[in-house]
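Undergrad: One structure, pasted below without further comment.
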Amino acid sequence: MTASNPRPRTPFLVLAAVFAVGFLSLLPLLPPGPVPATASADGFSAERARAHIERIAERPRPSGSKGAADTRDYLITELTDLGLEAEVRTATVERDLTFTPHVVGNVANVHAVLPGTGDGGRVLLVAHYDSVPIGPGATDDGMGVAILLEVARALTEGPAPHNDVEFLFTDAEESGQLGARAFTLDSGVAGDPDRTVVLNMEARGTKGPALMFEAGDRAGAFVPALSGYTPFAGSFSDGVYRVLPNNTDFTVFSEAGYTGMNFAVVGGSARYDTPLDDLDGLDERSFQDMGNTALSATNALAGEDLALVEGGDVTYLTVFGVLVHYPSGLAYALGALAAVSTIAALWFARSRGLVTLAETLVTAVGYTVPLFASAVLGWAAWWLGTSARPHFSNFPFGDTYRPAPVVAGLVLLTLVVCWWWAGRVRRRRGAPALLAGAVVWFGALAAVLTALAPEAGYLFTWPALAGAAGLGLAARTEEESPYRPVLLAGAALVSMVLFPPVVALLFPTVGLALAPVALVVLVLALLPLMPHFGLGFGRRGAGVATAAVATAAAVLVAVGIVADGVDEEHPAQFNLHYVYDDDTGRAVWLSPNAAGSPWLDQYVTGEAEDVEDTFPALYLPEGYRSGPAPLVPLPVPGAEVVDSRDLGEGLREVRVRLTAGGERTTVLSLYAKIGADRLERVTVDGVSLATAVNRPSTATEWNWGFHFVAPGDGVDLVMVVRGGEELPLRLLAYTADVPQDALGGPRPATVTWSAGGFGRGVAATTSGV
């Protein structure tokens with residue numbers, strides 16, 4: 001009796017323990033409550049720092065605007081009042097992005113220094129003070145700016161640090177990270193990259209836990225500084241971030257040889273980079289979490305010499321909120337051990353009659369069924385969502401205002417699919433075969449990732465090692481042993497430690513539009529649990545339970561889609577350009593959004609068409625819908641030839657003064673039809689630009705160009721052109737919003753602008769040199 005009674009209860013206890021571990025692994029993702037302004041002066045208080053965001057996020061502050069200038073003045077005043085050496089450093093810089101027009105601009109960085117008492121290096125905290133043209137940027141990056149100011153205040157309350165601590169508020173991050181580029185080229189402040197740790201504060205959303213999502217080279221020298229207050233960190237995110245089309249100031253620092261860490265929040269992307277990124281959308285818990293992280297890491301790094309030369313690459317992760325890190329060499333060794341252990345465990349289990357090679361391979365291949373089914377579920381949910389709620393497709397980051405019910409329903413549906421599939425396989429082939437198939441997957445993925453992306457290998461290495469050990473030990477037990485389910489659960493326990501936070505953060509990172517990605521990772525996390533799915537149920541009971549949960553999950557998805565409608569707090573987002581062509585004297589509305597919204601459809605009535613030949617910056621494969629627009633005043637760019645002279649050998653030098661049309665212009669763009677070799681040299685306000693075609697994929701003749709950020713009164717352009725025929729130029733001036741007069745009235749409260757683009761008002765003209 002003592003041997004038989006625990007047997008039926010064991011599977012339930014094992015599953016309960018495994019899921020409890022998974023739940024506990026998610027708890028560290030909950031940000032702390034905000035600390036009041038009355039808290040200790042040497043600590044970080046979100047309530048105290050909020051005053052800075054209230055001041056700088058009153059309105060948009062794109063580079064070159066009045067809002068940006070006022071923010072600069074505010075920063076200098078605050079830093080000076082703290083007793084820091086603060087200054088504004090201006091420059092004209094260029095960033096050459098691959099296969100896209102050059103980005104050039106006038107930038108004004110704010111830089112301050114808190115001198116240290118030693119000579120052990122420096123800690124450089126970075127946040128950008130500009131915002132997108134259409135939004136106040138309370139989170140992106142008002143939160144980062146306020147964090148730097150509050151950290152500076154807290155540091156001045158105690159003794160001077162050992163290392164210098166510098167605060168850099170960059171300009172024009174939103175337009176191509178020009179401020180960071182200017183800093184790295186500025187010999188007066190750039191300093192020695194080998195003695196600098198950069199801590200960059202960013203936002204890729206408006207809420208959620210603080211993440212350290214990217215670490216530079218030699219991470220072993222500075223990642224341990226997160227131990228004092230640990231945000232969620234996992235070196236796997238380095239690999240994920242590299243494949244996403246995102247850049248931050250940290251990208252520029254890395255390109256220039258600096259190292260350090262990149263921090264952000266990623267939840268709530270529906271409000272990100274829109275007019276809704278305001279104080280009402282600021283989550284003070286996220287603010288407190290980021291601030292605690294920044295201050296703790298700064299204190300740790302500023303307190304001792306930075307031995308960056310000795311720092312090697314590391315694998316790092318957080319386990320129940322505790323930072324774990326080990327050298328990359330050990331990661332390679334563990335990856336190899338996982339692969340060898342997998343083979344050895346499978347051989348031993350086969351030799352003991354626990355599994356056969358055939359059933360192991362069939363089961364391993366069979367895991368593609370739940371993997372594929374989960375991807376289909378994610379795709380179907382987004383298709384249903386965009387069909388029932390067409391405005392879903394207008395969220396550029398693929399996430400809605402209230403995605404939680406849909407995500408919960410998809411997770412439950414995925415669990416149901418895995419439970420149903422695993423139950424059928426278990427009845428045919430047994431639980432050991434399911435574990436053996438899972439170990440094959442984890443062992444193979446551990447080997448592949450360790451070879452290709454060692455920073456991400458740990459996600460599969462540790463479950464593979466636990467699974468191989470469990471499979472080998474299970475092969476030594478009797479079939480009826482009450483310990484066998486426990487041994488088969490080792491990989492499941494490890495998987496539930498590592499994967500739930502990753503899956504929870506993948507959903508807001510990739511959005512509902514790419515929910516299949518997160519769901520596939522979820523299924524991979526569940527592979528080691530599947531030997532226990534369905535145990536203890538009869539077929540009839542399992543069928544009833546499965547059907548009930550599946551129905552509830554489907555209802556949850558449907559209710560989530562229906563409830564995520566449009567109202568004043570959750571307005572529909574649209575991309576609408578007011579575009580004026582000075583050559584024809586006509587104005588039109590242009591929008592990439594599909595028909596279906598009565599408000600938008602009153603402005604854009606035509607079918608989608610290609611407008612790139614007329615407005616080179618406005619290109620989308622699906623084209624733009626258009627409609628006639630009334631004429632209203634808009635800054636019109638201009639090009640005046642100041643001088644032209646023959647240089648001989650078929651070359652001529654042309655000096656041109658480009659004008660932006662007024663202070664409302666945030667960006668001035670120029671496009672040229674250069675053919676294969678028309679341009680010999682180009683300088684813009686003294687900055688040399690590459691002359692090769694930089695728009696190779698365009699279907700038009702406008703195959704070279706540049707954007708100039710914050711053009712001010714104008715830009716001096718010098719071009720050395722080959723050949724005597726005129727070189728056509730197309731100029732575009734962008735303003736920060738659609739002209740109110742052209743709309744014929746204020747936007748409804750249920751409508752706002754979506755993220756993306758330089759601006760919403762565009763004036764174009766053609767010239768030649």
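Identifiers for the structure tokens are assigned positionally: chains receive A, B, ... in sequence, residues are indexed from 1 per chain, and ligands are indexed from 1 in the order shown.
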Excluding same-chain residues fewer than 3 positions from stretch 323-326 of chain A, what lies within 12 Å of it counting only C-alpha atoms, as a PyMOL selection string?
TA: chain A and resi 28+212+219-235+311-320+329-334+454-455+458+498
Undergrad: As a list in words, please: the residues near A:Leu727 (cut-off 7 Å, only C-alpha atoms, same-chain neighbours under 3 positions excluded).
TA: Lys673, Gly768 and Val769 of chain A
Undergrad: One number please: atom CA of A:Gly627 to atom CA of A:Gln602, in Å, one decimal.
TA: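 So the two atoms, atom CA of A:Gly627 and atom CA of A:Gln602, lie 8.4 Å apart.
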Undergrad: Pull the strand (DSSP E) assignments for stretch 137-341 of chain A out of DSSP run on the backbone, and list those residues as a VMD selection string.
TA: chain A and resid 164 to 170 196 to 201 211 to 215 232 to 233 259 to 264 314 to 319 322 to 327
Undergrad: List every residue of stretch 46-175 of chain A that DSSP, applied to the backbone, labels as alpha helix (DSSP H), and write the result as a VMD selection string.
TA: chain A and resid 46 to 56 66 to 81 142 to 156
Undergrad: List the neighbours of A:Ala160 out to 9 Å using only C-alpha atoms; skip same-chain residues closer than 4 positions along the sequence, and give me the result as a list in words.
TA: Leu114, Pro115, Gly116, Thr117, Leu155, Thr156 and Asp164 of chain A
Undergrad: Go ahead and save the picked residues with all heavy atoms, as a PDB file, in the first residue's frame.
TA:
ATOM      1  N   LEU A 114      30.262  64.945 -12.717  1.00  0.00           N
ATOM      2  CA  LEU A 114      30.440  64.876 -11.276  1.00  0.00           C
ATOM      3  C   LEU A 114      31.824  64.275 -11.051  1.00  0.00           C
ATOM      4  O   LEU A 114      32.029  63.070 -11.227  1.00  0.00           O
ATOM      5  CB  LEU A 114      29.364  63.997 -10.633  1.00  0.00           C
ATOM      6  CG  LEU A 114      29.480  63.765  -9.126  1.00  0.00           C
ATOM      7  CD1 LEU A 114      29.371  65.082  -8.354  1.00  0.00           C
ATOM      8  CD2 LEU A 114      28.426  62.784  -8.656  1.00  0.00           C
ATOM      9  N   PRO A 115      32.822  65.089 -10.715  1.00  0.00           N
ATOM     10  CA  PRO A 115      34.207  64.588 -10.635  1.00  0.00           C
ATOM     11  C   PRO A 115      34.370  63.539  -9.543  1.00  0.00           C
ATOM     12  O   PRO A 115      33.770  63.631  -8.467  1.00  0.00           O
ATOM     13  CB  PRO A 115      35.024  65.849 -10.314  1.00  0.00           C
ATOM     14  CG  PRO A 115      34.142  66.993 -10.698  1.00  0.00           C
ATOM     15  CD  PRO A 115      32.737  66.527 -10.448  1.00  0.00           C
ATOM     16  N   GLY A 116      35.190  62.536  -9.840  1.00  0.00           N
ATOM     17  CA  GLY A 116      35.514  61.519  -8.848  1.00  0.00           C
ATOM     18  C   GLY A 116      36.802  61.847  -8.132  1.00  0.00           C
ATOM     19  O   GLY A 116      37.560  62.745  -8.517  1.00  0.00           O
ATOM     20  N   THR A 117      37.070  61.103  -7.084  1.00  0.00           N
ATOM     21  CA  THR A 117      38.276  61.352  -6.277  1.00  0.00           C
ATOM     22  C   THR A 117      39.473  60.545  -6.772  1.00  0.00           C
ATOM     23  O   THR A 117      40.597  60.798  -6.368  1.00  0.00           O
ATOM     24  CB  THR A 117      38.013  60.985  -4.815  1.00  0.00           C
ATOM     25  OG1 THR A 117      37.629  59.602  -4.737  1.00  0.00           O
ATOM     26  CG2 THR A 117      36.893  61.844  -4.236  1.00  0.00           C
ATOM     27  N   LEU A 155      23.454  61.350  -6.028  1.00  0.00           N
ATOM     28  CA  LEU A 155      24.900  61.201  -5.878  1.00  0.00           C
ATOM     29  C   LEU A 155      25.527  62.409  -5.184  1.00  0.00           C
ATOM     30  O   LEU A 155      26.527  62.271  -4.466  1.00  0.00           O
ATOM     31  CB  LEU A 155      25.554  60.990  -7.239  1.00  0.00           C
ATOM     32  CG  LEU A 155      25.237  59.665  -7.953  1.00  0.00           C
ATOM     33  CD1 LEU A 155      25.920  59.616  -9.304  1.00  0.00           C
ATOM     34  CD2 LEU A 155      25.660  58.472  -7.106  1.00  0.00           C
ATOM     35  N   THR A 156      24.965  63.583  -5.404  1.00  0.00           N
ATOM     36  CA  THR A 156      25.526  64.779  -4.763  1.00  0.00           C
ATOM     37  C   THR A 156      25.178  64.854  -3.283  1.00  0.00           C
ATOM     38  O   THR A 156      25.716  65.698  -2.554  1.00  0.00           O
ATOM     39  CB  THR A 156      25.034  66.055  -5.459  1.00  0.00           C
ATOM     40  OG1 THR A 156      23.605  66.118  -5.400  1.00  0.00           O
ATOM     41  CG2 THR A 156      25.482  66.095  -6.917  1.00  0.00           C
ATOM     42  N   ASP A 164      34.807  59.304 -12.015  1.00  0.00           N
ATOM     43  CA  ASP A 164      33.959  60.353 -12.574  1.00  0.00           C
ATOM     44  C   ASP A 164      32.619  59.752 -12.989  1.00  0.00           C
ATOM     45  O   ASP A 164      32.565  58.645 -13.543  1.00  0.00           O
ATOM     46  CB  ASP A 164      34.604  60.985 -13.809  1.00  0.00           C
ATOM     47  CG  ASP A 164      35.810  61.836 -13.473  1.00  0.00           C
ATOM     48  OD1 ASP A 164      36.046  62.106 -12.277  1.00  0.00           O
ATOM     49  OD2 ASP A 164      36.519  62.235 -14.418  1.00  0.00           O
TER      50      ASP A 164
END
Undergrad: Which residues, written as a PyMOL selection string, have at least one atom at most 7 Å from stretch 244-253 of chain A, with only C-alpha atoms counted and residues fewer than 2 positions away on the same chain left out?
TA: chain A and resi 173+177+180-181+200+240-242+255-258+262
Undergrad: Counting only C-alpha atoms, what is within 6 Å of stretch 434-448 of chain A, bar same-chain residues fewer than 4 positions away, as a PDB file with N, CA and C atoms, in the first residue's frame?
TA:
ATOM      1  N   GLY A 335      27.440  23.947 -23.359  1.00  0.00           N
ATOM      2  CA  GLY A 335      26.706  23.609 -24.574  1.00  0.00           C
ATOM      3  C   GLY A 335      27.181  22.290 -25.159  1.00  0.00           C
ATOM      4  N   ALA A 338      25.989  19.521 -22.934  1.00  0.00           N
ATOM      5  CA  ALA A 338      24.568  19.229 -23.145  1.00  0.00           C
ATOM      6  C   ALA A 338      24.374  18.311 -24.337  1.00  0.00           C
ATOM      7  N   ALA A 339      25.096  18.591 -25.423  1.00  0.00           N
ATOM      8  CA  ALA A 339      24.979  17.750 -26.614  1.00  0.00           C
ATOM      9  C   ALA A 339      25.463  16.329 -26.328  1.00  0.00           C
ATOM     10  N   THR A 342      23.091  14.500 -23.931  1.00  0.00           N
ATOM     11  CA  THR A 342      21.872  14.083 -24.618  1.00  0.00           C
ATOM     12  C   THR A 342      22.084  12.744 -25.322  1.00  0.00           C
ATOM     13  N   THR A 360      11.747   7.443 -30.029  1.00  0.00           N
ATOM     14  CA  THR A 360      12.338   8.733 -29.686  1.00  0.00           C
ATOM     15  C   THR A 360      12.321   9.678 -30.883  1.00  0.00           C
ATOM     16  N   THR A 363       8.701  10.673 -31.789  1.00  0.00           N
ATOM     17  CA  THR A 363       8.179  11.653 -30.836  1.00  0.00           C
ATOM     18  C   THR A 363       8.822  13.019 -31.039  1.00  0.00           C
ATOM     19  N   ALA A 364      10.131  13.041 -31.269  1.00  0.00           N
ATOM     20  CA  ALA A 364      10.818  14.318 -31.487  1.00  0.00           C
ATOM     21  C   ALA A 364      10.263  15.024 -32.716  1.00  0.00           C
ATOM     22  N   GLY A 457      22.398  30.444 -25.573  1.00  0.00           N
ATOM     23  CA  GLY A 457      22.413  28.998 -25.442  1.00  0.00           C
ATOM     24  C   GLY A 457      21.901  28.482 -24.115  1.00  0.00           C
ATOM     25  N   PHE A 460      18.496  26.625 -23.438  1.00  0.00           N
ATOM     26  CA  PHE A 460      18.298  25.218 -23.786  1.00  0.00           C
ATOM     27  C   PHE A 460      19.363  24.313 -23.161  1.00  0.00           C
ATOM     28  N   THR A 461      20.517  24.879 -22.830  1.00  0.00           N
ATOM     29  CA  THR A 461      21.584  24.069 -22.255  1.00  0.00           C
ATOM     30  C   THR A 461      21.178  23.461 -20.915  1.00  0.00           C
ATOM     31  N   ALA A 464      18.445  20.879 -21.112  1.00  0.00           N
ATOM     32  CA  ALA A 464      18.979  19.675 -21.761  1.00  0.00           C
ATOM     33  C   ALA A 464      19.794  18.845 -20.772  1.00  0.00           C
ATOM     34  N   GLY A 467      17.356  17.298 -18.345  1.00  0.00           N
ATOM     35  CA  GLY A 467      16.586  16.256 -19.002  1.00  0.00           C
ATOM     36  C   GLY A 467      17.403  15.001 -19.237  1.00  0.00           C
ATOM     37  N   LEU A 527       7.901  21.662 -23.695  1.00  0.00           N
ATOM     38  CA  LEU A 527       8.287  20.318 -24.130  1.00  0.00           C
ATOM     39  C   LEU A 527       8.628  19.394 -22.965  1.00  0.00           C
ATOM     40  N   PRO A 528       9.441  19.834 -22.001  1.00  0.00           N
ATOM     41  CA  PRO A 528       9.789  18.910 -20.915  1.00  0.00           C
ATOM     42  C   PRO A 528       8.606  18.600 -19.987  1.00  0.00           C
ATOM     43  N   PRO A 531       5.594  15.081 -20.833  1.00  0.00           N
ATOM     44  CA  PRO A 531       5.453  13.715 -20.302  1.00  0.00           C
ATOM     45  C   PRO A 531       4.430  13.601 -19.184  1.00  0.00           C
TER      46      PRO A 531
END
Undergrad: Between A:Gly756, A:Gly191, A:Gly22, A:Gly662, single out the one closest to A:Leu526, counting only C-alpha atoms.
TA: A:Gly22
